[in-house]
$ cat work24.cif   # mmCIF, C-alpha atoms
data_structure
#
loop_
_atom_site.label_atom_id
_atom_site.label_comp_id
_atom_site.auth_asym_id
_atom_site.auth_seq_id
_atom_site.Cartn_x
_atom_site.Cartn_y
_atom_site.Cartn_z
CA MET A 1 -261.15 113.20 -52.04
CA ALA A 2 -263.21 110.93 -49.75
CA ALA A 3 -264.29 112.19 -46.33
CA VAL A 4 -261.56 112.12 -43.70
CA THR A 5 -262.25 109.52 -41.01
CA PRO A 6 -260.96 110.49 -37.54
CA VAL A 7 -258.20 108.11 -36.45
CA VAL A 8 -256.67 109.88 -33.46
CA ASN A 9 -257.70 108.43 -30.09
CA LEU A 10 -258.35 111.58 -28.11
CA ASP A 11 -260.34 112.25 -24.93
CA LEU A 12 -260.75 115.90 -23.97
CA THR A 13 -263.59 115.38 -21.52
CA GLY A 14 -263.49 118.15 -18.94
CA ARG A 15 -261.32 120.38 -21.14
CA THR A 16 -262.32 123.67 -22.75
CA ALA A 17 -261.09 124.45 -26.26
CA LEU A 18 -261.08 127.91 -27.84
CA VAL A 19 -260.93 127.96 -31.64
CA THR A 20 -260.62 131.28 -33.47
CA GLY A 21 -261.97 131.71 -36.97
CA ALA A 22 -264.27 128.84 -36.09
CA GLY A 23 -267.12 129.84 -38.38
CA SER A 24 -265.78 128.09 -41.46
CA GLY A 25 -262.93 126.14 -43.04
CA ILE A 26 -260.11 124.91 -40.82
CA GLY A 27 -261.59 126.52 -37.72
CA ARG A 28 -264.93 124.82 -38.14
CA ALA A 29 -263.25 121.47 -38.75
CA CYS A 30 -261.13 121.90 -35.60
CA ALA A 31 -264.14 122.89 -33.51
CA ARG A 32 -266.04 119.83 -34.69
CA ARG A 33 -263.09 117.50 -34.10
CA LEU A 34 -262.32 118.76 -30.59
CA ALA A 35 -265.99 118.64 -29.63
CA ALA A 36 -266.16 115.05 -30.86
CA ALA A 37 -263.32 114.31 -28.43
CA GLY A 38 -265.39 115.66 -25.55
CA ALA A 39 -264.12 119.24 -25.26
CA ALA A 40 -266.41 122.14 -24.45
CA VAL A 41 -265.79 124.34 -27.49
CA LEU A 42 -265.74 128.12 -27.60
CA ALA A 43 -266.29 128.95 -31.27
CA LEU A 44 -264.92 132.43 -31.91
CA ASP A 45 -265.66 134.19 -35.17
CA ARG A 46 -266.38 137.74 -36.30
CA ASP A 47 -269.43 136.37 -38.14
CA LYS A 48 -271.93 135.96 -35.31
CA ALA A 49 -274.30 133.74 -37.31
CA ALA A 50 -271.45 131.43 -38.36
CA ALA A 51 -270.15 131.19 -34.79
CA GLU A 52 -273.63 130.37 -33.53
CA ALA A 53 -274.10 127.71 -36.20
CA VAL A 54 -270.86 125.97 -35.23
CA ALA A 55 -271.70 126.28 -31.52
CA ALA A 56 -275.09 124.66 -32.16
CA GLU A 57 -273.47 121.90 -34.17
CA THR A 58 -270.85 121.15 -31.52
CA GLY A 59 -272.86 121.80 -28.40
CA GLY A 60 -270.47 124.62 -27.59
CA GLN A 61 -270.63 128.35 -27.07
CA ALA A 62 -270.46 131.07 -29.71
CA VAL A 63 -268.06 133.97 -29.18
CA ALA A 64 -268.81 136.76 -31.65
CA LEU A 65 -265.67 138.90 -31.72
CA ASP A 66 -263.55 140.48 -34.42
CA LEU A 67 -259.86 139.96 -33.66
CA ALA A 68 -259.07 143.00 -35.79
CA ASP A 69 -260.18 144.88 -32.67
CA PRO A 70 -257.18 145.02 -30.28
CA ASP A 71 -259.54 144.82 -27.31
CA ALA A 72 -261.29 141.65 -28.48
CA PRO A 73 -258.85 139.09 -26.97
CA HIS A 74 -259.37 140.61 -23.53
CA GLN A 75 -263.07 139.69 -23.71
CA VAL A 76 -262.40 135.96 -24.12
CA ALA A 77 -262.64 133.52 -21.23
CA ALA A 78 -259.25 132.81 -19.67
CA GLU A 79 -260.13 129.29 -18.46
CA VAL A 80 -259.05 127.54 -21.66
CA ASP A 81 -257.13 124.25 -21.91
CA VAL A 82 -256.73 124.05 -25.69
CA LEU A 83 -256.19 127.15 -27.82
CA VAL A 84 -256.28 126.95 -31.60
CA ASN A 85 -255.23 130.24 -33.18
CA ASN A 86 -256.69 129.94 -36.65
CA ALA A 87 -258.30 133.27 -37.60
CA GLY A 88 -256.74 134.98 -40.59
CA PHE A 89 -257.20 136.55 -43.97
CA GLN A 90 -255.19 137.28 -47.07
CA HIS A 91 -254.32 140.22 -49.29
CA VAL A 92 -252.46 139.85 -52.58
CA SER A 93 -250.53 142.87 -53.80
CA ALA A 94 -247.04 143.99 -54.78
CA VAL A 95 -245.08 145.52 -51.90
CA GLU A 96 -245.06 149.02 -53.40
CA GLN A 97 -248.84 148.90 -53.78
CA PHE A 98 -249.64 147.08 -50.52
CA PRO A 99 -251.97 149.22 -48.38
CA PRO A 100 -250.20 149.89 -45.04
CA GLU A 101 -253.47 149.58 -43.12
CA ARG A 102 -254.03 146.15 -44.70
CA PHE A 103 -250.50 145.07 -43.74
CA ALA A 104 -251.12 146.20 -40.15
CA GLY A 105 -254.48 144.44 -40.10
CA LEU A 106 -252.94 141.13 -41.12
CA HIS A 107 -250.43 141.38 -38.29
CA GLN A 108 -253.14 142.38 -35.82
CA VAL A 109 -255.27 139.32 -36.55
CA MET A 110 -252.52 136.76 -37.08
CA VAL A 111 -249.79 137.85 -34.64
CA HIS A 112 -250.98 140.38 -32.08
CA ALA A 113 -254.29 138.65 -31.33
CA PRO A 114 -252.68 135.20 -30.92
CA PHE A 115 -250.11 136.77 -28.58
CA LEU A 116 -252.83 138.34 -26.45
CA LEU A 117 -254.90 135.14 -26.38
CA ILE A 118 -251.89 133.02 -25.43
CA ARG A 119 -250.98 135.54 -22.75
CA ARG A 120 -254.53 135.38 -21.43
CA VAL A 121 -254.89 131.58 -21.21
CA LEU A 122 -251.41 130.58 -20.05
CA PRO A 123 -252.00 131.23 -16.31
CA HIS A 124 -254.93 128.76 -16.34
CA MET A 125 -252.90 126.18 -18.26
CA TYR A 126 -249.97 126.61 -15.88
CA ALA A 127 -252.24 126.21 -12.85
CA ARG A 128 -253.62 122.94 -14.23
CA GLY A 129 -250.20 121.67 -15.34
CA TRP A 130 -251.53 120.95 -18.82
CA GLY A 131 -252.30 122.90 -21.96
CA ARG A 132 -252.13 122.71 -25.73
CA ILE A 133 -251.61 125.71 -28.00
CA VAL A 134 -251.82 125.06 -31.72
CA ASN A 135 -251.16 127.94 -34.08
CA ILE A 136 -252.46 127.41 -37.59
CA SER A 137 -249.57 128.80 -39.56
CA SER A 138 -248.95 127.98 -43.21
CA VAL A 139 -246.32 126.81 -45.61
CA HIS A 140 -245.89 130.59 -45.92
CA GLY A 141 -244.62 130.59 -42.36
CA LEU A 142 -241.61 128.72 -43.75
CA ARG A 143 -241.45 129.88 -47.37
CA ALA A 144 -242.23 133.15 -49.13
CA SER A 145 -244.34 133.84 -52.20
CA PRO A 146 -244.49 137.07 -54.20
CA TYR A 147 -247.31 139.54 -53.58
CA LYS A 148 -248.04 138.28 -50.05
CA SER A 149 -245.75 140.41 -47.89
CA GLY A 150 -248.37 140.95 -45.19
CA TYR A 151 -249.42 137.32 -44.86
CA VAL A 152 -245.90 135.86 -45.17
CA SER A 153 -244.39 138.24 -42.62
CA ALA A 154 -247.28 137.66 -40.19
CA LYS A 155 -246.95 133.88 -40.42
CA HIS A 156 -243.18 134.09 -39.94
CA ALA A 157 -243.78 136.19 -36.82
CA LEU A 158 -246.30 133.65 -35.56
CA GLU A 159 -243.65 130.95 -35.92
CA GLY A 160 -241.25 132.93 -33.72
CA LEU A 161 -243.92 133.59 -31.13
CA SER A 162 -244.84 129.91 -31.06
CA LYS A 163 -241.25 128.79 -30.46
CA THR A 164 -240.76 131.30 -27.65
CA VAL A 165 -243.97 130.22 -25.92
CA ALA A 166 -242.92 126.58 -26.28
CA LEU A 167 -239.67 127.22 -24.44
CA GLU A 168 -241.32 129.14 -21.62
CA ALA A 169 -244.31 126.82 -21.22
CA ALA A 170 -242.57 123.43 -21.31
CA PRO A 171 -241.85 123.27 -17.56
CA HIS A 172 -245.59 123.77 -16.93
CA GLY A 173 -246.84 120.85 -19.04
CA VAL A 174 -247.93 123.12 -21.89
CA THR A 175 -246.96 122.57 -25.51
CA CYS A 176 -247.09 125.09 -28.34
CA ASN A 177 -246.76 124.17 -32.00
CA CYS A 178 -247.48 125.43 -35.48
CA VAL A 179 -249.33 123.45 -38.12
CA ASN A 180 -248.22 124.45 -41.60
CA PRO A 181 -250.59 123.42 -44.38
CA ALA A 182 -250.27 124.32 -48.02
CA TYR A 183 -253.43 125.54 -49.75
CA VAL A 184 -256.51 124.24 -47.93
CA ARG A 185 -259.95 123.92 -49.48
CA THR A 186 -261.44 126.95 -47.69
CA ALA A 187 -263.21 130.18 -48.52
CA LEU A 188 -259.94 132.05 -47.95
CA VAL A 189 -258.28 130.08 -50.74
CA GLU A 190 -261.29 130.36 -53.03
CA ASN A 191 -261.23 134.12 -52.56
CA GLN A 192 -257.56 134.24 -53.53
CA ILE A 193 -258.13 132.73 -56.95
CA ALA A 194 -259.55 135.88 -58.54
CA ASP A 195 -256.86 138.04 -56.92
CA GLN A 196 -254.10 135.72 -58.12
CA ALA A 197 -255.59 135.58 -61.61
CA ALA A 198 -255.59 139.38 -61.84
CA THR A 199 -252.09 139.70 -60.37
CA HIS A 200 -250.52 137.10 -62.66
CA GLY A 201 -252.64 137.87 -65.73
CA ILE A 202 -254.00 134.33 -66.14
CA ALA A 203 -257.44 132.77 -66.13
CA PRO A 204 -258.92 131.83 -62.72
CA ASP A 205 -259.08 128.13 -63.63
CA GLU A 206 -255.31 128.15 -64.19
CA VAL A 207 -254.49 129.58 -60.77
CA VAL A 208 -254.82 126.34 -58.75
CA GLU A 209 -252.66 124.27 -61.11
CA ARG A 210 -250.07 126.85 -62.18
CA ILE A 211 -249.71 128.89 -58.99
CA MET A 212 -251.12 127.12 -55.94
CA LEU A 213 -249.97 123.58 -56.68
CA ALA A 214 -246.86 124.37 -58.69
CA ARG A 215 -244.41 123.56 -55.86
CA ALA A 216 -246.28 120.64 -54.31
CA ALA A 217 -245.59 117.02 -55.19
CA VAL A 218 -249.13 116.04 -54.16
CA LYS A 219 -251.36 117.83 -56.64
CA ARG A 220 -254.48 118.56 -54.63
CA LEU A 221 -255.74 120.94 -51.99
CA VAL A 222 -255.56 119.97 -48.33
CA GLU A 223 -258.91 119.17 -46.72
CA PRO A 224 -259.83 121.10 -43.52
CA GLU A 225 -260.52 117.80 -41.73
CA GLU A 226 -256.95 116.68 -42.39
CA VAL A 227 -255.66 119.75 -40.59
CA ALA A 228 -258.10 119.17 -37.73
CA GLU A 229 -256.89 115.60 -37.30
CA LEU A 230 -253.30 116.79 -36.90
CA VAL A 231 -254.47 119.39 -34.39
CA ALA A 232 -256.22 116.58 -32.49
CA TYR A 233 -253.05 114.49 -32.44
CA LEU A 234 -251.10 117.36 -30.90
CA CYS A 235 -253.51 117.24 -27.96
CA THR A 236 -252.87 113.57 -27.20
CA PRO A 237 -250.48 112.17 -24.54
CA PRO A 238 -248.13 110.67 -27.18
CA ALA A 239 -247.63 114.20 -28.57
CA SER A 240 -246.52 115.65 -25.23
CA PHE A 241 -242.87 115.71 -26.39
CA ILE A 242 -243.71 117.71 -29.51
CA THR A 243 -243.33 121.41 -28.82
CA GLY A 244 -241.79 124.38 -30.60
CA SER A 245 -242.31 122.57 -33.88
CA ALA A 246 -243.59 123.59 -37.30
CA ILE A 247 -245.37 120.55 -38.69
CA THR A 248 -245.85 120.72 -42.43
CA MET A 249 -248.84 119.45 -44.40
CA ASP A 250 -247.62 120.80 -47.70
CA GLY A 251 -247.56 117.86 -50.09
CA GLY A 252 -243.80 118.14 -50.44
CA TRP A 253 -243.62 121.90 -51.06
CA THR A 254 -240.80 122.48 -48.54
CA ALA A 255 -238.92 119.37 -49.69
CA HIS A 256 -237.54 121.42 -52.59
#

$ encode --input "work24.cif" --output "structure tokens"
Amino acid sequence: MAAVTPVVNLDLTGRTALVTGAGSGIGRACARRLAAAGAAVLALDRDKAAAEAVAAETGGQAVALDLADPDAPHQVAAEVDVLVNNAGFQHVSAVEQFPPERFAGLHQVMVHAPFLLIRRVLPHMYARGWGRIVNISSVHGLRASPYKSGYVSAKHALEGLSKTVALEAAPHGVTCNCVNPAYVRTALVENQIADQAATHGIAPDEVVERIMLARAAVKRLVEPEEVAELVAYLCTPPASFITGSAITMDGGWTAH
């Protein structure tokens, strides 16, 4: 696919944006897009070198923290106007074989940490009468797949958290939404291919076509920049009436 050209007219001059999992993939694309709109970006990633690289690229600040640590969200600056909760990981395993500590870890990074970060930044957003919270969910926040009990349940919980925050924050000029892409061309997806091949007993080159794209009408992976452009739109004035929503970028997956 050709490079994605930004089309959203967005000015975030004077705003601070915190992006988690900013070292690569969707997070990096979001950090770059929000910086291009004028935001001062805090690029949070557990990989210090990756966070620093994105900070250098965007003129922002690196935040080297691992959200698997329950104390990490408390170390983040509270003066944030745009929060993009993107950090996450995957584990593929049957329920009866799923390691409990891995299940708990998925929920820590993708539910508990977003809750703590939202809780931390809301007072600043309320004081300014403006804020945008975008939770990078997944088609798996709306649909289930076998062998992904940890990820699916975490994303479903994130959806519920997002809706609750939207209802509470609306009177304060703050919106909260989920963006729900199908499989995105990221390292997380690339790393799943071998796991899926082993789980389903098929060759790795069959995984994308037979497993990942089986339910989608559009037979390609989503590009990180496409997700970032939707995130940018949710920060614009015309999107101020969109809150509590789950916005799909799934190529028709949930149309079935």

$ resolve_selection --input "work24.cif" --expression "the PyMOL selection byres ((chain A and resi 61) around 9)" --output "ChimeraX atom specification"
/A:40-44,51-52,54-56,58-60,62-63

$ write_last_selection --input "work24.cif" --atoms "C-alpha atoms" --output "short mmCIF file (atom, residue, chain, number, x, y, z; two decimals), in the frame of the given file"
data_model
loop_
_atom_site.label_atom_id
_atom_site.label_comp_id
_atom_site.auth_asym_id
_atom_site.auth_seq_id
_atom_site.Cartn_x
_atom_site.Cartn_y
_atom_site.Cartn_z
CA ALA A 40 -266.41 122.14 -24.45
CA VAL A 41 -265.79 124.34 -27.49
CA LEU A 42 -265.74 128.12 -27.60
CA ALA A 43 -266.29 128.95 -31.27
CA LEU A 44 -264.92 132.43 -31.91
CA ALA A 51 -270.15 131.19 -34.79
CA GLU A 52 -273.63 130.37 -33.53
CA VAL A 54 -270.86 125.97 -35.23
CA ALA A 55 -271.70 126.28 -31.52
CA ALA A 56 -275.09 124.66 -32.16
CA THR A 58 -270.85 121.15 -31.52
CA GLY A 59 -272.86 121.80 -28.40
CA GLY A 60 -270.47 124.62 -27.59
CA ALA A 62 -270.46 131.07 -29.71
CA VAL A 63 -268.06 133.97 -29.18
#

$ resolve_selection --input "work24.cif" --expression "the PyMOL selection byres ((chain A and resi 112) around 10)" --output "compact mmCIF listing (two decimals) with C-alpha atoms, in the coordinates of the input"
# COMPACT_ATOMS: atom_id res chain seq x y z
CA LEU A 67 -259.86 139.96 -33.66
CA ALA A 68 -259.07 143.00 -35.79
CA PRO A 70 -257.18 145.02 -30.28
CA PRO A 73 -258.85 139.09 -26.97
CA ALA A 104 -251.12 146.20 -40.15
CA GLY A 105 -254.48 144.44 -40.10
CA LEU A 106 -252.94 141.13 -41.12
CA HIS A 107 -250.43 141.38 -38.29
CA GLN A 108 -253.14 142.38 -35.82
CA VAL A 109 -255.27 139.32 -36.55
CA MET A 110 -252.52 136.76 -37.08
CA VAL A 111 -249.79 137.85 -34.64
CA ALA A 113 -254.29 138.65 -31.33
CA PRO A 114 -252.68 135.20 -30.92
CA PHE A 115 -250.11 136.77 -28.58
CA LEU A 116 -252.83 138.34 -26.45
CA LEU A 117 -254.90 135.14 -26.38
CA ILE A 118 -251.89 133.02 -25.43
CA ALA A 154 -247.28 137.66 -40.19
CA ALA A 157 -243.78 136.19 -36.82
CA LEU A 158 -246.30 133.65 -35.56
CA LEU A 161 -243.92 133.59 -31.13

$ resolve_selection --input "work24.cif" --expression "the PyMOL selection byres ((chain A and resi 201-217) around 10)" --output "ChimeraX atom specification"
/A:145,182-183,189-190,192-200,218-221,250-256

$ atom_distance --input "work24.cif" --atom1 "CA of Glu225 (chain A)" --atom2 "CA of Gly27 (chain A)"
9.7 Å

$ closest_residue --input "work24.cif" --among "A:Pro181, A:Gly88, A:Gly23, A:Pro237" --to "Met249 (chain A)" --atoms "only C-alpha atoms"
A:Pro181

$ closest_atom_pairs --input "work24.cif" --of "region 127-197 of chain A" --to "region 6-21 of chain A" --cutoff "10 Å" --atoms "all atoms listed in the file" --output "JSON lines"
{"residue": "A:Gly131", "atom": "CA", "partner": "A:Arg15", "partner_atom": "CA", "distance": 9.4}
{"residue": "A:Arg132", "atom": "CA", "partner": "A:Ala17", "partner_atom": "CA", "distance": 9.1}
{"residue": "A:Ile133", "atom": "CA", "partner": "A:Ala17", "partner_atom": "CA", "distance": 9.7}
{"residue": "A:Val134", "atom": "CA", "partner": "A:Val19", "partner_atom": "CA", "distance": 9.6}
{"residue": "A:Ile136", "atom": "CA", "partner": "A:Thr20", "partner_atom": "CA", "distance": 9.9}

$ axis_aligned_box --input "work24.cif" --around "region 7-15 of chain A" --padding-each-side "5 Å" --output "AutoDock Vina command-line options"
--center_x -260.1 --center_y 114.2 --center_z -27.7 --size_x 16.9 --size_y 22.3 --size_z 27.5

$ atom_distance --input "work24.cif" --atom1 "CA of Asn180 (chain A)" --atom2 "CA of Gly141 (chain A)"
7.2 Å

$ atom_distance --input "work24.cif" --atom1 "CA of Val165 (chain A)" --atom2 "CA of His140 (chain A)"
20.1 Å

$ closest_residue --input "work24.cif" --among "A:Ala35, A:Val231, A:Ala87, A:Cys178" --to "Asp47 (chain A)" --atoms "all atoms listed in the file"
A:Ala87

$ closest_residue --input "work24.cif" --among "A:Asn86, A:Ser93, A:Ser240, A:Ser149" --to "His172 (chain A)" --atoms "only C-alpha atoms"
A:Ser240

$ closest_residue --input "work24.cif" --among "A:Ala228, A:Leu122, A:Val95, A:Ala49" --to "Ala77 (chain A)" --atoms "only C-alpha atoms"
A:Leu122

$ closest_residue --input "work24.cif" --among "A:Trp130, A:Ile26, A:Pro146, A:Ala187" --to "Pro171 (chain A)" --atoms "all atoms listed in the file"
A:Trp130

$ closest_residue --input "work24.cif" --among "A:Val82, A:Ala166, A:Ile247, A:Val174" --to "Val227 (chain A)" --atoms "only C-alpha atoms"
A:Ile247

$ build_atoms --input "work24.cif" --residues "region 75-99 of chain A" --atoms "N, CA and C atoms" --output "JSON list (two decimals), keeping the file's coordinate frame"
[["chain", "number", "residue", "atom", "x", "y", "z"],
["A", 75, "GLN", "N", -261.68, 140.03, -24.04],
["A", 75, "GLN", "CA", -263.07, 139.69, -23.71],
["A", 75, "GLN", "C", -263.32, 138.18, -23.73],
["A", 76, "VAL", "N", -262.28, 137.41, -24.02],
["A", 76, "VAL", "CA", -262.40, 135.96, -24.12],
["A", 76, "VAL", "C", -262.15, 135.32, -22.76],
["A", 77, "ALA", "N", -262.85, 134.24, -22.48],
["A", 77, "ALA", "CA", -262.64, 133.52, -21.23],
["A", 77, "ALA", "C", -261.19, 133.07, -21.11],
["A", 78, "ALA", "N", -260.65, 133.19, -19.90],
["A", 78, "ALA", "CA", -259.25, 132.81, -19.67],
["A", 78, "ALA", "C", -259.09, 131.35, -19.30],
["A", 79, "GLU", "N", -260.19, 130.69, -18.92],
["A", 79, "GLU", "CA", -260.13, 129.29, -18.46],
["A", 79, "GLU", "C", -260.21, 128.36, -19.67],
["A", 80, "VAL", "N", -259.13, 128.31, -20.42],
["A", 80, "VAL", "CA", -259.05, 127.54, -21.66],
["A", 80, "VAL", "C", -257.90, 126.55, -21.57],
["A", 81, "ASP", "N", -258.16, 125.30, -21.96],
["A", 81, "ASP", "CA", -257.13, 124.25, -21.91],
["A", 81, "ASP", "C", -256.47, 123.99, -23.25],
["A", 82, "VAL", "N", -257.24, 124.22, -24.33],
["A", 82, "VAL", "CA", -256.73, 124.05, -25.69],
["A", 82, "VAL", "C", -257.03, 125.33, -26.45],
["A", 83, "LEU", "N", -256.01, 125.94, -27.02],
["A", 83, "LEU", "CA", -256.19, 127.15, -27.82],
["A", 83, "LEU", "C", -255.73, 126.88, -29.24],
["A", 84, "VAL", "N", -256.62, 127.08, -30.18],
["A", 84, "VAL", "CA", -256.28, 126.95, -31.60],
["A", 84, "VAL", "C", -256.40, 128.33, -32.24],
["A", 85, "ASN", "N", -255.26, 128.94, -32.53],
["A", 85, "ASN", "CA", -255.23, 130.24, -33.18],
["A", 85, "ASN", "C", -255.30, 130.02, -34.69],
["A", 86, "ASN", "N", -256.48, 130.24, -35.24],
["A", 86, "ASN", "CA", -256.69, 129.94, -36.65],
["A", 86, "ASN", "C", -257.13, 131.16, -37.48],
["A", 87, "ALA", "N", -257.73, 132.15, -36.85],
["A", 87, "ALA", "CA", -258.30, 133.27, -37.60],
["A", 87, "ALA", "C", -257.25, 133.95, -38.47],
["A", 88, "GLY", "N", -257.66, 134.29, -39.69],
["A", 88, "GLY", "CA", -256.74, 134.98, -40.59],
["A", 88, "GLY", "C", -257.43, 135.39, -41.87],
["A", 89, "PHE", "N", -256.72, 136.17, -42.65],
["A", 89, "PHE", "CA", -257.20, 136.55, -43.97],
["A", 89, "PHE", "C", -256.00, 136.83, -44.85],
["A", 90, "GLN", "N", -256.26, 137.14, -46.09],
["A", 90, "GLN", "CA", -255.19, 137.28, -47.07],
["A", 90, "GLN", "C", -255.37, 138.56, -47.86],
["A", 91, "HIS", "N", -254.29, 139.11, -48.33],
["A", 91, "HIS", "CA", -254.32, 140.22, -49.29],
["A", 91, "HIS", "C", -253.17, 140.02, -50.25],
["A", 92, "VAL", "N", -253.46, 140.09, -51.54],
["A", 92, "VAL", "CA", -252.46, 139.85, -52.58],
["A", 92, "VAL", "C", -252.16, 141.16, -53.29],
["A", 93, "SER", "N", -250.91, 141.61, -53.18],
["A", 93, "SER", "CA", -250.53, 142.87, -53.80],
["A", 93, "SER", "C", -249.02, 143.00, -53.78],
["A", 94, "ALA", "N", -248.48, 143.69, -54.77],
["A", 94, "ALA", "CA", -247.04, 143.99, -54.78],
["A", 94, "ALA", "C", -246.70, 144.89, -53.60],
["A", 95, "VAL", "N", -245.48, 144.78, -53.10],
["A", 95, "VAL", "CA", -245.08, 145.52, -51.90],
["A", 95, "VAL", "C", -245.32, 147.02, -52.07],
["A", 96, "GLU", "N", -244.94, 147.57, -53.23],
["A", 96, "GLU", "CA", -245.06, 149.02, -53.40],
["A", 96, "GLU", "C", -246.50, 149.49, -53.50],
["A", 97, "GLN", "N", -247.42, 148.56, -53.70],
["A", 97, "GLN", "CA", -248.84, 148.90, -53.78],
["A", 97, "GLN", "C", -249.63, 148.39, -52.58],
["A", 98, "PHE", "N", -248.95, 147.70, -51.65],
["A", 98, "PHE", "CA", -249.64, 147.08, -50.52],
["A", 98, "PHE", "C", -250.14, 148.16, -49.57],
["A", 99, "PRO", "N", -251.45, 148.20, -49.28],
["A", 99, "PRO", "CA", -251.97, 149.22, -48.38],
["A", 99, "PRO", "C", -251.41, 149.03, -46.96]]
